[in-house]
Amino acid sequence: MILKDIWLDVKAVQARDPAARSALEVLLLYQGVHALIWHRFAHWFYTHKLFFIARLLSQISRFLTLIEIHPGAQLGHGILIDHGCGVVIGETTVVGDNCTIYQGVTLGGVGLNKGKRHPTLGNNVTVGCGAKILGAFEVGDNCAIAANAVLLKPLEDNVTAAGIPAQPVKKDGKRIVSNRLVQSEAIEQMQERIVSLEKEVYELRKKLEQQQREPEQQEEQEQAADGPAATGPGSESGDLL
């Protein structure tokens with residue numbers, strides 16, 4: 001059974017890693033496969049309650065591959081740990097068949113209570129580099145977790161999640177319009193409307209000020225026109241008389 005699982009892991013790398021050239025190369029040179037081989041044996045000892053030997057094997061694997069998989073974790077068939085450096089998989093984690101895990105991924109737990117505290121991944125799940133899945137919840141089949149996302153809640157099947165905290169962005173390959181996106185669009189429209197209203201108010205103020213100045217300008221013009229008439233020839237003759 002262990003040998004079959006190892007062979008399926010090798011074939012998974014060949015199928016999903018374009019850089020893989022042969023099964024022999026994958027078996028001898030891929031540290032992700034090496035970590036899985038060590039884990040398959042460590043998990044056997046763990047299930048037979050030989051916990052010290054199981055933990056010893058997992059620590060040797062960690063030292064050699066920089067991939068830490070607790071011997072209690074349950075991993076399915078056809079797992080691909082690509083690049084692998086910095087991957088951490090906790091004790092009560094369950095990983096389904098044909099999953100792909102990139103470097104820097106943490107499948108971790110929250111809290112200090114014993115029992116189930118790590119995530120359960122369905123089949124055909126892809127976890128991008130640096131992503132964190134924290135907590136005892138399920139991630140459905142055919143899901144994808146974007147790079148550097150932090151997933152803290154369950155996902156249905158066929159969902160793509162991204163962000164911190166991670167939110168569904170696609171379902172069955174179609175984009176999900178979130179409430180946050182709708183609210184941001186509404187805020188942008190409101191801001192544009194406010195700018196437009198400010199311009200209208202400014203124009204109205206200019207017109208009002210201009211209308212208020214027109215009577216004053218007319219009075220000044222009338223006074224300027226009446227001034228020369230009052231000081232004309234008649235007024236000079238009157239002064240002489």
# chains A, B, ... in the order shown; residues from 1 in each chain; ligands from 1

$ residues_around --residues "range 103-111 of chain A" --least-positions-apart "4" --cutoff "6 Å" --atoms "only C-alpha atoms" --output "ChimeraX atom specification"
/A:83-90,117-118,129-135

$ select_by_dssp --residues "range 51-219 of chain A" --states "strand (DSSP E)" --output "number ranges by chain"
A: 68-69, 74-75, 80-81, 88-89, 94-95, 100-101, 106-108, 120-121, 126-127, 132-134, 138-139, 144-145, 150-151, 159-162, 167-171, 174-175

$ atom_distance --atom1 "CA of Leu151 in chain A" --atom2 "CA of Ala19 in chain A"
29.2 Å

$ residues_around --residues "Arg175 in chain A" --least-positions-apart "6" --cutoff "10 Å" --atoms "only C-alpha atoms" --output "list in words"
Val159, Thr160, Pro168 and Val169 of chain A

$ write_last_selection --atoms "N, CA, C and O atoms" --output "mmCIF file, in the first residue's frame"
data_model
loop_
_atom_site.group_PDB
_atom_site.id
_atom_site.type_symbol
_atom_site.label_atom_id
_atom_site.label_comp_id
_atom_site.auth_asym_id
_atom_site.auth_seq_id
_atom_site.Cartn_x
_atom_site.Cartn_y
_atom_site.Cartn_z
ATOM 1 N N VAL A 159 -14.775 26.404 -5.746
ATOM 2 C CA VAL A 159 -14.664 27.813 -5.378
ATOM 3 C C VAL A 159 -13.198 28.229 -5.402
ATOM 4 O O VAL A 159 -12.313 27.474 -4.993
ATOM 5 N N THR A 160 -12.949 29.440 -5.897
ATOM 6 C CA THR A 160 -11.624 30.052 -5.817
ATOM 7 C C THR A 160 -11.686 31.176 -4.786
ATOM 8 O O THR A 160 -12.584 32.022 -4.834
ATOM 9 N N PRO A 168 -14.425 34.154 -1.287
ATOM 10 C CA PRO A 168 -14.683 33.550 -2.604
ATOM 11 C C PRO A 168 -14.717 34.613 -3.694
ATOM 12 O O PRO A 168 -15.393 35.636 -3.557
ATOM 13 N N VAL A 169 -13.976 34.375 -4.761
ATOM 14 C CA VAL A 169 -13.976 35.294 -5.894
ATOM 15 C C VAL A 169 -14.505 34.639 -7.163
ATOM 16 O O VAL A 169 -14.878 35.331 -8.109
#

$ closest_atom_pairs --of "range 1-24 of chain A" --to "range 92-101 of chain A" --cutoff "12 Å" --atoms "only C-alpha atoms" --output "CSV"
residue,atom,partner,partner_atom,distance
A:Asp5,CA,A:Asp97,CA,10.6
A:Leu8,CA,A:Asn98,CA,9.2
A:Asp9,CA,A:Asn98,CA,8.6
A:Val10,CA,A:Asn98,CA,11.5
A:Lys11,CA,A:Asn98,CA,10.4
A:Ala12,CA,A:Asn98,CA,7.2
A:Val13,CA,A:Thr100,CA,9.4
A:Ala15,CA,A:Asn98,CA,10.4
A:Arg16,CA,A:Thr100,CA,8.6
A:Asp17,CA,A:Thr100,CA,10.2

$ write_last_selection --atoms "N, CA, C and O atoms" --output "mmCIF file, in the first residue's frame"
data_model
loop_
_atom_site.group_PDB
_atom_site.id
_atom_site.type_symbol
_atom_site.label_atom_id
_atom_site.label_comp_id
_atom_site.auth_asym_id
_atom_site.auth_seq_id
_atom_site.Cartn_x
_atom_site.Cartn_y
_atom_site.Cartn_z
ATOM 1 N N ASP A 5 1.152 4.155 -2.944
ATOM 2 C CA ASP A 5 0.972 5.590 -2.700
ATOM 3 C C ASP A 5 2.174 6.379 -3.211
ATOM 4 O O ASP A 5 2.008 7.463 -3.801
ATOM 5 N N LEU A 8 1.981 6.633 -6.965
ATOM 6 C CA LEU A 8 0.954 7.592 -7.380
ATOM 7 C C LEU A 8 1.437 9.034 -7.183
ATOM 8 O O LEU A 8 1.114 9.921 -7.981
ATOM 9 N N ASP A 9 2.214 9.264 -6.123
ATOM 10 C CA ASP A 9 2.783 10.603 -5.912
ATOM 11 C C ASP A 9 3.764 10.957 -7.023
ATOM 12 O O ASP A 9 3.793 12.098 -7.510
ATOM 13 N N VAL A 10 4.575 9.987 -7.435
ATOM 14 C CA VAL A 10 5.528 10.217 -8.529
ATOM 15 C C VAL A 10 4.787 10.524 -9.822
ATOM 16 O O VAL A 10 5.136 11.465 -10.551
ATOM 17 N N LYS A 11 3.745 9.763 -10.106
ATOM 18 C CA LYS A 11 2.970 9.995 -11.336
ATOM 19 C C LYS A 11 2.252 11.342 -11.288
ATOM 20 O O LYS A 11 2.075 11.993 -12.322
ATOM 21 N N ALA A 12 1.845 11.767 -10.100
ATOM 22 C CA ALA A 12 1.188 13.072 -9.977
ATOM 23 C C ALA A 12 2.138 14.195 -10.344
ATOM 24 O O ALA A 12 1.756 15.166 -11.009
ATOM 25 N N VAL A 13 3.397 14.082 -9.923
ATOM 26 C CA VAL A 13 4.385 15.094 -10.283
ATOM 27 C C VAL A 13 4.598 15.107 -11.788
ATOM 28 O O VAL A 13 4.649 16.172 -12.420
ATOM 29 N N ALA A 15 2.527 14.311 -14.057
ATOM 30 C CA ALA A 15 1.335 14.809 -14.745
ATOM 31 C C ALA A 15 1.152 16.308 -14.592
ATOM 32 O O ALA A 15 0.652 16.970 -15.513
ATOM 33 N N ARG A 16 1.572 16.878 -13.454
ATOM 34 C CA ARG A 16 1.232 18.271 -13.160
ATOM 35 C C ARG A 16 2.422 19.215 -13.099
ATOM 36 O O ARG A 16 2.220 20.422 -12.914
ATOM 37 N N ASP A 17 3.627 18.704 -13.236
ATOM 38 C CA ASP A 17 4.810 19.566 -13.251
ATOM 39 C C ASP A 17 5.479 19.477 -14.622
ATOM 40 O O ASP A 17 6.067 18.459 -14.968
#

$ select_by_dssp --residues "range 4-232 of chain A" --states "alpha helix (DSSP H)" --output "PyMOL selection string"
chain A and resi 4-16+23-29+31-47+51-65+179-230

$ atom_distance --atom1 "CA of Gln14 in chain A" --atom2 "CA of Glu91 in chain A"
27.7 Å

$ atom_distance --atom1 "CA of Leu29 in chain A" --atom2 "CA of Gly78 in chain A"
17.2 Å

$ residues_around --residues "Phe137 in chain A" --least-positions-apart "6" --cutoff "7 Å" --atoms "only C-alpha atoms" --output "list in words"
Pro119, Thr120, Lys153 and Pro154 of chain A

$ residues_around --residues "Tyr30 in chain A" --least-positions-apart "3" --cutoff "10 Å" --atoms "only C-alpha atoms" --output "PyMOL selection string"
chain A and resi 10+13+20+24-27+33-35+65+81-84

$ closest_residue --among "A:Trp7, A:Phe51, A:Gln221, A:Ile2" --to "Trp38 in chain A" --atoms "only C-alpha atoms"
A:Ile2

$ closest_residue --among "A:Cys143, A:Ala162, A:Ala136, A:Leu56" --to "Asn113 in chain A" --atoms "only C-alpha atoms"
A:Ala136
